[in-house]
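Listing of coords_4.pdb; format and content: PDB, C-alpha atoms.
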```
ATOM      1  CA  MET A   1     176.488 -86.288  26.908
ATOM      2  CA  PRO A   2     178.814 -83.997  28.870
ATOM      3  CA  THR A   3     182.180 -83.047  27.397
ATOM      4  CA  ALA A   4     185.228 -81.321  28.810
ATOM      5  CA  ALA A   5     184.737 -78.205  26.735
ATOM      6  CA  PRO A   6     182.123 -76.429  28.902
ATOM      7  CA  ASP A   7     184.345 -76.783  31.968
ATOM      8  CA  VAL A   8     187.220 -75.142  30.147
ATOM      9  CA  ILE A   9     185.012 -72.295  28.981
ATOM     10  CA  GLU A  10     183.671 -71.766  32.480
ATOM     11  CA  GLN A  11     187.165 -71.578  33.931
ATOM     12  CA  THR A  12     188.170 -69.015  31.327
ATOM     13  CA  ASP A  13     185.096 -66.925  32.042
ATOM     14  CA  THR A  14     185.814 -67.042  35.756
ATOM     15  CA  GLN A  15     189.393 -66.003  35.153
ATOM     16  CA  ASP A  16     188.289 -63.141  32.906
ATOM     17  CA  ARG A  17     185.788 -61.928  35.486
ATOM     18  CA  ALA A  18     188.467 -62.024  38.159
ATOM     19  CA  ASP A  19     190.807 -60.017  35.936
ATOM     20  CA  LEU A  20     188.126 -57.449  35.290
ATOM     21  CA  ALA A  21     187.339 -57.104  38.990
ATOM     22  CA  VAL A  22     190.948 -56.476  40.089
ATOM     23  CA  PRO A  23     192.058 -52.860  39.774
ATOM     24  CA  TRP A  24     194.845 -52.200  37.297
ATOM     25  CA  ASN A  25     197.354 -49.388  37.170
ATOM     26  CA  VAL A  26     198.370 -47.558  34.033
ATOM     27  CA  VAL A  27     202.084 -46.837  34.395
ATOM     28  CA  VAL A  28     204.198 -44.532  32.230
ATOM     29  CA  HIS A  29     207.933 -45.244  32.207
ATOM     30  CA  ASN A  30     210.914 -42.979  31.625
ATOM     31  CA  ASP A  31     212.680 -42.939  28.297
ATOM     32  CA  PRO A  32     215.650 -40.760  27.435
ATOM     33  CA  ILE A  33     214.398 -39.526  24.084
ATOM     34  CA  THR A  34     210.819 -38.352  24.456
ATOM     35  CA  LEU A  35     210.405 -34.628  25.071
ATOM     36  CA  MET A  36     208.994 -33.520  28.401
ATOM     37  CA  SER A  37     206.628 -31.128  26.649
ATOM     38  CA  TYR A  38     205.360 -33.931  24.438
ATOM     39  CA  VAL A  39     204.637 -36.184  27.416
ATOM     40  CA  THR A  40     202.747 -33.368  29.138
ATOM     41  CA  LEU A  41     200.702 -32.735  26.001
ATOM     42  CA  VAL A  42     199.816 -36.425  25.680
ATOM     43  CA  PHE A  43     198.753 -36.657  29.335
ATOM     44  CA  ARG A  44     196.448 -33.691  28.846
ATOM     45  CA  ARG A  45     194.974 -35.228  25.716
ATOM     46  CA  VAL A  46     194.504 -38.791  26.922
ATOM     47  CA  PHE A  47     193.441 -38.183  30.524
ATOM     48  CA  GLN A  48     192.095 -34.637  30.249
ATOM     49  CA  PHE A  49     194.537 -33.646  32.989
ATOM     50  CA  THR A  50     195.030 -29.995  33.841
ATOM     51  CA  LYS A  51     198.399 -28.627  32.769
ATOM     52  CA  GLU A  52     199.543 -28.708  36.416
ATOM     53  CA  LYS A  53     198.553 -32.342  36.936
ATOM     54  CA  ALA A  54     200.027 -33.397  33.603
ATOM     55  CA  THR A  55     203.296 -31.654  34.466
ATOM     56  CA  LYS A  56     203.359 -33.285  37.920
ATOM     57  CA  HIS A  57     203.061 -36.771  36.432
ATOM     58  CA  MET A  58     205.588 -35.983  33.699
ATOM     59  CA  LEU A  59     208.112 -34.865  36.324
ATOM     60  CA  GLU A  60     207.430 -37.974  38.372
ATOM     61  CA  VAL A  61     208.247 -40.100  35.317
ATOM     62  CA  HIS A  62     211.387 -38.060  34.713
ATOM     63  CA  HIS A  63     212.695 -38.132  38.281
ATOM     64  CA  ARG A  64     211.417 -41.476  39.588
ATOM     65  CA  GLY A  65     211.408 -43.475  36.357
ATOM     66  CA  ARG A  66     207.676 -44.145  36.402
ATOM     67  CA  SER A  67     204.324 -42.714  37.331
ATOM     68  CA  VAL A  68     200.960 -44.345  37.904
ATOM     69  CA  VAL A  69     198.698 -42.107  35.859
ATOM     70  CA  TRP A  70     195.417 -43.984  36.255
ATOM     71  CA  SER A  71     193.913 -46.889  38.222
ATOM     72  CA  GLY A  72     190.710 -48.789  37.623
ATOM     73  CA  GLY A  73     189.112 -51.552  35.621
ATOM     74  CA  ARG A  74     191.144 -53.601  33.193
ATOM     75  CA  GLU A  75     189.230 -52.688  30.047
ATOM     76  CA  ARG A  76     189.617 -48.982  30.655
ATOM     77  CA  ALA A  77     193.259 -49.468  31.604
ATOM     78  CA  GLU A  78     193.884 -51.297  28.322
ATOM     79  CA  PHE A  79     192.182 -48.484  26.459
ATOM     80  CA  TYR A  80     194.417 -45.891  28.100
ATOM     81  CA  VAL A  81     197.582 -47.891  27.471
ATOM     82  CA  GLN A  82     196.598 -48.198  23.829
ATOM     83  CA  GLN A  83     196.104 -44.423  23.680
ATOM     84  CA  LEU A  84     199.519 -43.859  25.246
ATOM     85  CA  HIS A  85     201.181 -46.301  22.854
ATOM     86  CA  SER A  86     199.514 -44.575  19.928
ATOM     87  CA  HIS A  87     201.549 -41.531  21.048
ATOM     88  CA  GLN A  88     204.616 -43.779  21.501
ATOM     89  CA  LEU A  89     204.819 -43.306  25.259
ATOM     90  CA  LEU A  90     206.469 -46.201  27.069
ATOM     91  CA  SER A  91     203.577 -47.449  29.171
ATOM     92  CA  THR A  92     202.183 -50.616  30.694
ATOM     93  CA  LEU A  93     199.265 -51.855  32.697
ATOM     94  CA  GLU A  94     199.912 -53.614  35.985
ATOM     95  CA  ARG A  95     197.693 -55.238  38.558
ATOM     96  CA  ALA A  96     197.315 -52.837  41.477
ATOM     97  CA  GLU A  97     198.779 -54.248  44.692
TER      98      GLU A  97
ATOM     99  CA  MET B   1     209.313 -20.293  11.784
ATOM    100  CA  ARG B   2     206.280 -18.350  10.700
ATOM    101  CA  ARG B   3     202.653 -18.743  11.722
ATOM    102  CA  SER B   4     200.306 -18.121   8.850
ATOM    103  CA  PRO B   5     196.788 -16.762   9.254
ATOM    104  CA  GLN B   6     195.440 -20.209   8.372
ATOM    105  CA  GLY B   7     197.157 -21.670  11.431
ATOM    106  CA  SER B   8     199.798 -23.562   9.537
ATOM    107  CA  LEU B   9     203.500 -23.418  10.256
ATOM    108  CA  THR B  10     205.988 -22.400   7.632
ATOM    109  CA  LEU B  11     209.622 -23.306   7.978
ATOM    110  CA  ALA B  12     211.459 -20.762   5.880
ATOM    111  CA  ALA B  13     215.020 -20.187   4.718
ATOM    112  CA  LEU B  14     215.865 -23.851   5.135
ATOM    113  CA  ASP B  15     219.339 -24.850   4.125
ATOM    114  CA  PRO B  16     219.490 -27.933   1.843
ATOM    115  CA  PHE B  17     221.148 -29.797   4.721
ATOM    116  CA  PHE B  18     218.055 -29.406   6.903
ATOM    117  CA  VAL B  19     215.774 -30.201   3.982
ATOM    118  CA  GLN B  20     217.607 -33.494   3.643
ATOM    119  CA  LEU B  21     217.117 -34.211   7.367
ATOM    120  CA  LEU B  22     213.422 -33.495   6.977
ATOM    121  CA  ARG B  23     213.191 -35.809   3.995
ATOM    122  CA  GLU B  24     214.647 -38.569   6.139
ATOM    123  CA  VAL B  25     211.903 -38.355   8.780
ATOM    124  CA  GLY B  26     209.693 -40.944   7.107
ATOM    125  CA  ASP B  27     212.515 -43.387   6.499
ATOM    126  CA  TRP B  28     213.895 -43.215  10.022
ATOM    127  CA  ALA B  29     210.419 -43.370  11.523
ATOM    128  CA  ASP B  30     209.703 -46.638   9.752
ATOM    129  CA  PRO B  31     211.196 -49.347  11.981
ATOM    130  CA  GLY B  32     211.135 -51.911   9.188
ATOM    131  CA  GLU B  33     212.623 -55.120  10.505
ATOM    132  CA  ASP B  34     215.076 -53.449  12.869
ATOM    133  CA  PRO B  35     214.650 -55.317  16.165
ATOM    134  CA  ALA B  36     215.630 -52.414  18.431
ATOM    135  CA  ALA B  37     213.361 -49.903  16.706
ATOM    136  CA  CYS B  38     210.463 -52.372  16.584
ATOM    137  CA  ALA B  39     210.932 -53.198  20.258
ATOM    138  CA  ARG B  40     210.702 -49.533  21.203
ATOM    139  CA  LEU B  41     207.823 -48.507  18.943
ATOM    140  CA  PHE B  42     205.810 -51.654  19.656
ATOM    141  CA  SER B  43     206.710 -52.378  23.245
ATOM    142  CA  PRO B  44     204.513 -54.873  25.129
ATOM    143  CA  PRO B  45     201.679 -53.393  27.191
ATOM    144  CA  ALA B  46     202.334 -55.547  30.256
ATOM    145  CA  ALA B  47     205.019 -57.537  32.027
ATOM    146  CA  ALA B  48     206.040 -60.852  30.489
ATOM    147  CA  GLY B  49     203.962 -62.712  33.060
ATOM    148  CA  GLU B  50     200.752 -61.231  31.658
ATOM    149  CA  LYS B  51     200.850 -63.558  28.692
ATOM    150  CA  ALA B  52     197.186 -63.237  27.693
ATOM    151  CA  VAL B  53     197.295 -59.445  27.741
ATOM    152  CA  ASN B  54     200.427 -59.350  25.604
ATOM    153  CA  GLU B  55     199.145 -61.944  23.116
ATOM    154  CA  ASP B  56     195.825 -60.152  22.651
ATOM    155  CA  TRP B  57     197.734 -56.935  22.144
ATOM    156  CA  GLU B  58     199.967 -58.398  19.446
ATOM    157  CA  GLU B  59     196.970 -59.758  17.607
ATOM    158  CA  LEU B  60     194.509 -56.891  17.971
ATOM    159  CA  VAL B  61     196.258 -53.645  18.879
ATOM    160  CA  ARG B  62     199.642 -53.769  17.180
ATOM    161  CA  PRO B  63     198.174 -53.805  13.639
ATOM    162  CA  GLU B  64     196.153 -50.702  14.537
ATOM    163  CA  LEU B  65     199.244 -48.936  15.852
ATOM    164  CA  GLU B  66     201.231 -49.880  12.750
ATOM    165  CA  ALA B  67     198.493 -48.406  10.556
ATOM    166  CA  GLN B  68     198.318 -45.201  12.640
ATOM    167  CA  PHE B  69     202.067 -44.720  12.515
ATOM    168  CA  ARG B  70     202.171 -45.402   8.765
ATOM    169  CA  ASP B  71     199.381 -42.867   8.139
ATOM    170  CA  ALA B  72     201.329 -40.222  10.055
ATOM    171  CA  ARG B  73     204.503 -40.930   8.077
ATOM    172  CA  ASP B  74     202.576 -40.730   4.807
ATOM    173  CA  ALA B  75     201.053 -37.359   5.743
ATOM    174  CA  VAL B  76     204.502 -35.955   6.519
ATOM    175  CA  ARG B  77     205.943 -37.327   3.291
ATOM    176  CA  ALA B  78     203.108 -35.666   1.366
ATOM    177  CA  ASP B  79     203.864 -32.291   2.984
ATOM    178  CA  LEU B  80     207.568 -32.719   2.278
ATOM    179  CA  ALA B  81     206.869 -33.516  -1.356
ATOM    180  CA  ARG B  82     205.661 -29.911  -1.640
ATOM    181  CA  ILE B  83     208.937 -28.357  -0.489
ATOM    182  CA  ARG B  84     209.821 -25.567  -2.874
ATOM    183  CA  PRO B  85     212.972 -23.479  -3.329
ATOM    184  CA  GLU B  86     212.637 -19.878  -2.269
ATOM    185  CA  GLU B  87     213.194 -17.044  -4.662
ATOM    186  CA  GLN B  88     216.754 -15.829  -4.572
ATOM    187  CA  PRO B  89     217.791 -12.195  -4.855
ATOM    188  CA  SER B  90     218.824 -11.028  -8.299
ATOM    189  CA  PRO B  91     222.405 -11.994  -9.139
ATOM    190  CA  GLU B  92     224.998  -9.314  -8.787
ATOM    191  CA  PRO B  93     226.279  -7.806 -12.026
ATOM    192  CA  LEU B  94     229.179  -9.650 -13.612
ATOM    193  CA  PRO B  95     232.568  -8.246 -12.612
ATOM    194  CA  PRO B  96     234.889  -6.734 -15.172
ATOM    195  CA  ASP B  97     236.863  -9.129 -17.340
ATOM    196  CA  GLY B  98     239.411 -11.099 -15.417
ATOM    197  CA  ALA B  99     237.838 -10.688 -11.969
ATOM    198  CA  THR B 100     236.466 -13.642 -10.036
ATOM    199  CA  PRO B 101     232.673 -13.723 -10.234
ATOM    200  CA  PRO B 102     230.865 -13.813  -6.873
ATOM    201  CA  GLU B 103     229.549 -17.154  -5.761
ATOM    202  CA  PRO B 104     225.812 -17.494  -6.266
ATOM    203  CA  PRO B 105     223.830 -17.599  -3.029
ATOM    204  CA  SER B 106     223.006 -21.061  -1.695
ATOM    205  CA  PRO B 107     219.454 -22.072  -2.440
ATOM    206  CA  THR B 108     217.024 -22.063   0.467
ATOM    207  CA  PHE B 109     213.735 -23.856   0.810
ATOM    208  CA  ARG B 110     210.374 -23.482   2.461
ATOM    209  CA  VAL B 111     208.026 -26.108   3.841
ATOM    210  CA  ARG B 112     204.498 -25.515   5.037
ATOM    211  CA  ILE B 113     202.956 -27.716   7.708
ATOM    212  CA  PRO B 114     199.169 -27.425   7.613
ATOM    213  CA  ALA B 115     197.449 -27.296  11.002
ATOM    214  CA  ARG B 116     195.476 -30.424  10.128
ATOM    215  CA  ASN B 117     198.777 -32.325   9.939
ATOM    216  CA  PHE B 118     200.298 -31.150  13.222
ATOM    217  CA  GLU B 119     199.406 -34.432  14.920
ATOM    218  CA  ALA B 120     200.893 -36.447  12.073
ATOM    219  CA  TRP B 121     204.119 -34.445  12.259
ATOM    220  CA  LEU B 122     204.342 -34.843  16.025
ATOM    221  CA  SER B 123     203.850 -38.578  15.632
ATOM    222  CA  ALA B 124     206.275 -39.076  12.745
ATOM    223  CA  LEU B 125     208.967 -36.923  14.344
ATOM    224  CA  ASN B 126     208.569 -38.841  17.582
ATOM    225  CA  GLN B 127     208.706 -42.173  15.775
ATOM    226  CA  ALA B 128     211.883 -41.067  14.015
ATOM    227  CA  ARG B 129     213.508 -39.874  17.248
ATOM    228  CA  LEU B 130     212.636 -43.064  19.105
ATOM    229  CA  ALA B 131     213.749 -45.318  16.254
ATOM    230  CA  LEU B 132     217.037 -43.421  15.950
ATOM    231  CA  GLY B 133     217.466 -43.608  19.715
ATOM    232  CA  ALA B 134     216.897 -47.355  19.698
ATOM    233  CA  ARG B 135     219.100 -48.056  16.669
ATOM    234  CA  PHE B 136     222.007 -46.005  17.983
ATOM    235  CA  ARG B 137     221.417 -46.886  21.645
ATOM    236  CA  LEU B 138     221.134 -43.279  22.718
ATOM    237  CA  GLU B 139     220.913 -42.713  26.442
ATOM    238  CA  GLU B 140     220.011 -39.893  28.790
ATOM    239  CA  GLY B 141     223.602 -38.688  28.890
ATOM    240  CA  ASP B 142     223.755 -38.435  25.100
ATOM    241  CA  MET B 143     220.850 -36.033  25.151
ATOM    242  CA  ILE B 144     222.424 -33.844  27.838
ATOM    243  CA  GLU B 145     226.049 -33.704  26.732
ATOM    244  CA  ARG B 146     225.840 -32.995  23.047
ATOM    245  CA  PRO B 147     228.696 -34.039  20.738
ATOM    246  CA  ARG B 148     231.139 -31.268  20.067
ATOM    247  CA  SER B 149     231.138 -31.833  16.326
ATOM    248  CA  LEU B 150     228.963 -33.501  13.744
ATOM    249  CA  LEU B 151     232.177 -34.964  12.428
ATOM    250  CA  ASP B 152     232.615 -37.081  15.574
ATOM    251  CA  GLY B 153     231.091 -40.022  13.749
ATOM    252  CA  GLU B 154     227.686 -41.289  12.742
ATOM    253  CA  ARG B 155     226.418 -41.574  16.303
ATOM    254  CA  ALA B 156     227.188 -37.901  16.910
ATOM    255  CA  PHE B 157     225.419 -37.009  13.689
ATOM    256  CA  ARG B 158     222.320 -38.987  14.675
ATOM    257  CA  ILE B 159     222.207 -37.255  18.072
ATOM    258  CA  PHE B 160     222.143 -33.964  16.205
ATOM    259  CA  GLN B 161     219.364 -35.308  13.984
ATOM    260  CA  VAL B 162     217.313 -36.389  17.025
ATOM    261  CA  ASP B 163     217.836 -32.909  18.463
ATOM    262  CA  PHE B 164     216.718 -31.216  15.265
ATOM    263  CA  TYR B 165     213.537 -33.280  15.143
ATOM    264  CA  GLY B 166     212.979 -32.394  18.798
ATOM    265  CA  HIS B 167     213.180 -28.683  17.999
ATOM    266  CA  LEU B 168     210.498 -29.135  15.379
ATOM    267  CA  GLN B 169     208.330 -31.014  17.835
ATOM    268  CA  GLU B 170     208.715 -28.182  20.336
ATOM    269  CA  MET B 171     207.653 -25.650  17.705
ATOM    270  CA  ILE B 172     204.544 -27.640  16.845
ATOM    271  CA  ILE B 173     203.657 -28.216  20.504
ATOM    272  CA  ARG B 174     203.966 -24.503  21.233
ATOM    273  CA  ARG B 175     201.760 -23.781  18.260
ATOM    274  CA  ILE B 176     199.164 -26.312  19.410
ATOM    275  CA  GLU B 177     199.210 -24.848  22.895
ATOM    276  CA  GLY B 178     198.648 -21.415  21.442
ATOM    277  CA  GLU B 179     201.846 -19.786  22.540
ATOM    278  CA  THR B 180     203.141 -16.927  20.454
ATOM    279  CA  ASP B 181     205.895 -17.606  17.984
ATOM    280  CA  ASP B 182     207.074 -14.766  15.884
ATOM    281  CA  GLU B 183     208.841 -15.050  12.596
ATOM    282  CA  GLY B 184     212.543 -15.421  13.015
ATOM    283  CA  GLU B 185     212.336 -16.639  16.579
ATOM    284  CA  ASP B 186     214.968 -19.130  17.465
ATOM    285  CA  ALA B 187     213.595 -22.240  19.073
ATOM    286  CA  SER B 188     214.740 -22.794  22.614
ATOM    287  CA  PRO B 189     216.761 -25.933  23.282
ATOM    288  CA  ALA B 190     214.565 -28.997  23.415
ATOM    289  CA  ALA B 191     214.193 -30.477  26.861
ATOM    290  CA  GLU B 192     214.924 -34.156  26.601
ATOM    291  CA  GLY B 193     213.794 -37.195  28.438
ATOM    292  CA  THR B 194     210.908 -37.958  30.678
TER     293      THR B 194
END
```
Would you write the structure of this file as structure tokens?
Amino acid sequence: MPTAAPDVIEQTDTQDRADLAVPWNVVVHNDPITLMSYVTLVFRRVFQFTKEKATKHMLEVHHRGRSVVWSGGRERAEFYVQQLHSHQLLSTLERAE
Amino acid sequence: MRRSPQGSLTLAALDPFFVQLLREVGDWADPGEDPAACARLFSPPAAAGEKAVNEDWEELVRPELEAQFRDARDAVRADLARIRPEEQPSPEPLPPDGATPPEPPSPTFRVRIPARNFEAWLSALNQARLALGARFRLEEGDMIERPRSLLDGERAFRIFQVDFYGHLQEMIIRRIEGETDDEGEDASPAAEGT
């Protein structure tokens, strides 16, 4: 006998798949306390950026208030945001427009 | 600051005032129940509209972050528990009867930061700076225009404390990046804000 439960599960799965398919941005936001050198070090560690690329993104955060440091699948984006938070960087993931 | 052959950092000739600031790192880094400090150290990973992302994060990721931050604070506290006073020069001979004896030199202290704990120190110092910044609502301008005196009130004192922790972070970062730091070098002013 059919129940409502499978329908609900299917909708959730569909939603999850849609979320995973949409590209997400990892965004780092400005904060007045964190050292510039610390942010650069964290970018190099988390994303394996060169010093030049890490510095470029750090300066973008400093001057523009935010920088998109990575774009891609949601799971990977969540992983990177967790890494950034583990270094206390103010960061979020956002759906790419 | 001195770099030992083992790769550790030694902070030498520390005045008791700075030792006290160091001993406060763990306490300030711990946000406890302070809403502002908690909000900064455990900020949501997505905008409020991304309810599922934020709820999963609270349930699954935040406990991991809390444990990581606590481990870092504990490592720093363990290093600070080994702070020792430095040997003082021999006291000067007593003056002749009736003369005022010279004041004994102030004690100084030394703390060694092992290379294996550099990451923990960076984390705990950063936690402390961010928590202080959140509790005392420090802004970009506070980090550029320093207070003229530590006696300008508690907020001024905490800005100094955030600055001091920043200097230590800079020293550790330079050490990690392999730049040369010679004994007695004065740390350059910490660049603030991203």
Margin query: Excluding stretch 61-76 of chain B and its own-chain neighbours fewer than 2 positions away, which residues fall within 7 Å of it when counting all atoms listed in the file? Please give them as a list of chain:residue names.
Written below: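 Residues meeting the cut-off are A:Ser86, B:Gly26, B:Phe42, B:Trp57, B:Glu58, B:Glu59, B:Ala78, B:Asp79, B:Leu80, B:Asn117, B:Ala120, B:Trp121, B:Ser123, B:Ala124.
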Any chance you could export the current selection's C-alpha atoms as a compact mmCIF listing (two decimals), keeping the file's coordinate frame?
```
# COMPACT_ATOMS: atom_id res chain seq x y z
CA SER A 86 199.51 -44.58 19.93
CA GLY B 26 209.69 -40.94 7.11
CA PHE B 42 205.81 -51.65 19.66
CA TRP B 57 197.73 -56.94 22.14
CA GLU B 58 199.97 -58.40 19.45
CA GLU B 59 196.97 -59.76 17.61
CA ALA B 78 203.11 -35.67 1.37
CA ASP B 79 203.86 -32.29 2.98
CA LEU B 80 207.57 -32.72 2.28
CA ASN B 117 198.78 -32.33 9.94
CA ALA B 120 200.89 -36.45 12.07
CA TRP B 121 204.12 -34.44 12.26
CA SER B 123 203.85 -38.58 15.63
CA ALA B 124 206.28 -39.08 12.74
```
Checklist line | 8 Å contacts from chain B to chain A using only C-alpha atoms, as a VMD selection string | finding: chain B and resid 40 to 47 61 65 68 to 69 123 126 to 127 129 to 130 133 138 to 140 143 166 169 to 170 173 190 to 194
Item checked: Spatial neighbours of A:Ser71, max dist 7 Å, all atoms listed in the file, sep filter under 4 positions, as a count of residues only -> 4
Check: Which residue gives the smallest distance to A:Arg45 among A:Ala21, A:Ala96, A:Tyr80, A:Glu75, with only C-alpha atoms counted?
Finding: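 With only C-alpha atoms as the atom set, the closest residue is A:Tyr80.
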Taking (220.0, -37.9, 17.6) in the file's coordinates, which residues come within 8 Å, counting all atoms listed in the file, written as an mmCIF file with C-alpha atoms, in the coordinates of the input?
```cif
data_model
loop_
_atom_site.group_PDB
_atom_site.id
_atom_site.type_symbol
_atom_site.label_atom_id
_atom_site.label_comp_id
_atom_site.auth_asym_id
_atom_site.auth_seq_id
_atom_site.Cartn_x
_atom_site.Cartn_y
_atom_site.Cartn_z
ATOM 1 C CA ARG B 129 213.508 -39.874 17.248
ATOM 2 C CA LEU B 132 217.037 -43.421 15.950
ATOM 3 C CA GLY B 133 217.466 -43.608 19.715
ATOM 4 C CA LEU B 138 221.134 -43.279 22.718
ATOM 5 C CA MET B 143 220.850 -36.033 25.151
ATOM 6 C CA ARG B 155 226.418 -41.574 16.303
ATOM 7 C CA ALA B 156 227.188 -37.901 16.910
ATOM 8 C CA PHE B 157 225.419 -37.009 13.689
ATOM 9 C CA ARG B 158 222.320 -38.987 14.675
ATOM 10 C CA ILE B 159 222.207 -37.255 18.072
ATOM 11 C CA PHE B 160 222.143 -33.964 16.205
ATOM 12 C CA GLN B 161 219.364 -35.308 13.984
ATOM 13 C CA VAL B 162 217.313 -36.389 17.025
ATOM 14 C CA ASP B 163 217.836 -32.909 18.463
ATOM 15 C CA PHE B 164 216.718 -31.216 15.265
#
```
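Between atom CA of B:Arg82 and atom CA of B:Ala12 the interatomic distance comes to 13.2 Å.
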Each side padded by 3 Å, which centre and which edge lengths in Å (one decimal) define the axis-aligned box around the listed atoms of stretch 4-20 of chain B? Give them as lines of an AutoDock Vina configuration file.
```
center_x = 208.3
center_y = -25.1
center_z = 6.6
size_x = 31.7
size_y = 22.7
size_z = 15.6
```
Note to self: Can you measure atom CA of B:Ile83 to atom CA of B:Arg110 for me? One decimal in Å is fine.
What the structure shows: 5.9 Å
Test item: the PyMOL selection byres ((chain B and resi 25) around 8) resolved as a PDB file with C-alpha atoms, in the coordinates of the input:
```pdb
ATOM      1  CA  LEU B  21     217.117 -34.211   7.367  1.00  0.00           C
ATOM      2  CA  LEU B  22     213.422 -33.495   6.977  1.00  0.00           C
ATOM      3  CA  ARG B  23     213.191 -35.809   3.995  1.00  0.00           C
ATOM      4  CA  GLU B  24     214.647 -38.569   6.139  1.00  0.00           C
ATOM      5  CA  GLY B  26     209.693 -40.944   7.107  1.00  0.00           C
ATOM      6  CA  ASP B  27     212.515 -43.387   6.499  1.00  0.00           C
ATOM      7  CA  TRP B  28     213.895 -43.215  10.022  1.00  0.00           C
ATOM      8  CA  ALA B  29     210.419 -43.370  11.523  1.00  0.00           C
ATOM      9  CA  ARG B  73     204.503 -40.930   8.077  1.00  0.00           C
ATOM     10  CA  ALA B 124     206.275 -39.076  12.745  1.00  0.00           C
ATOM     11  CA  LEU B 125     208.967 -36.923  14.344  1.00  0.00           C
ATOM     12  CA  ALA B 128     211.883 -41.067  14.015  1.00  0.00           C
TER      13      ALA B 128
END
```
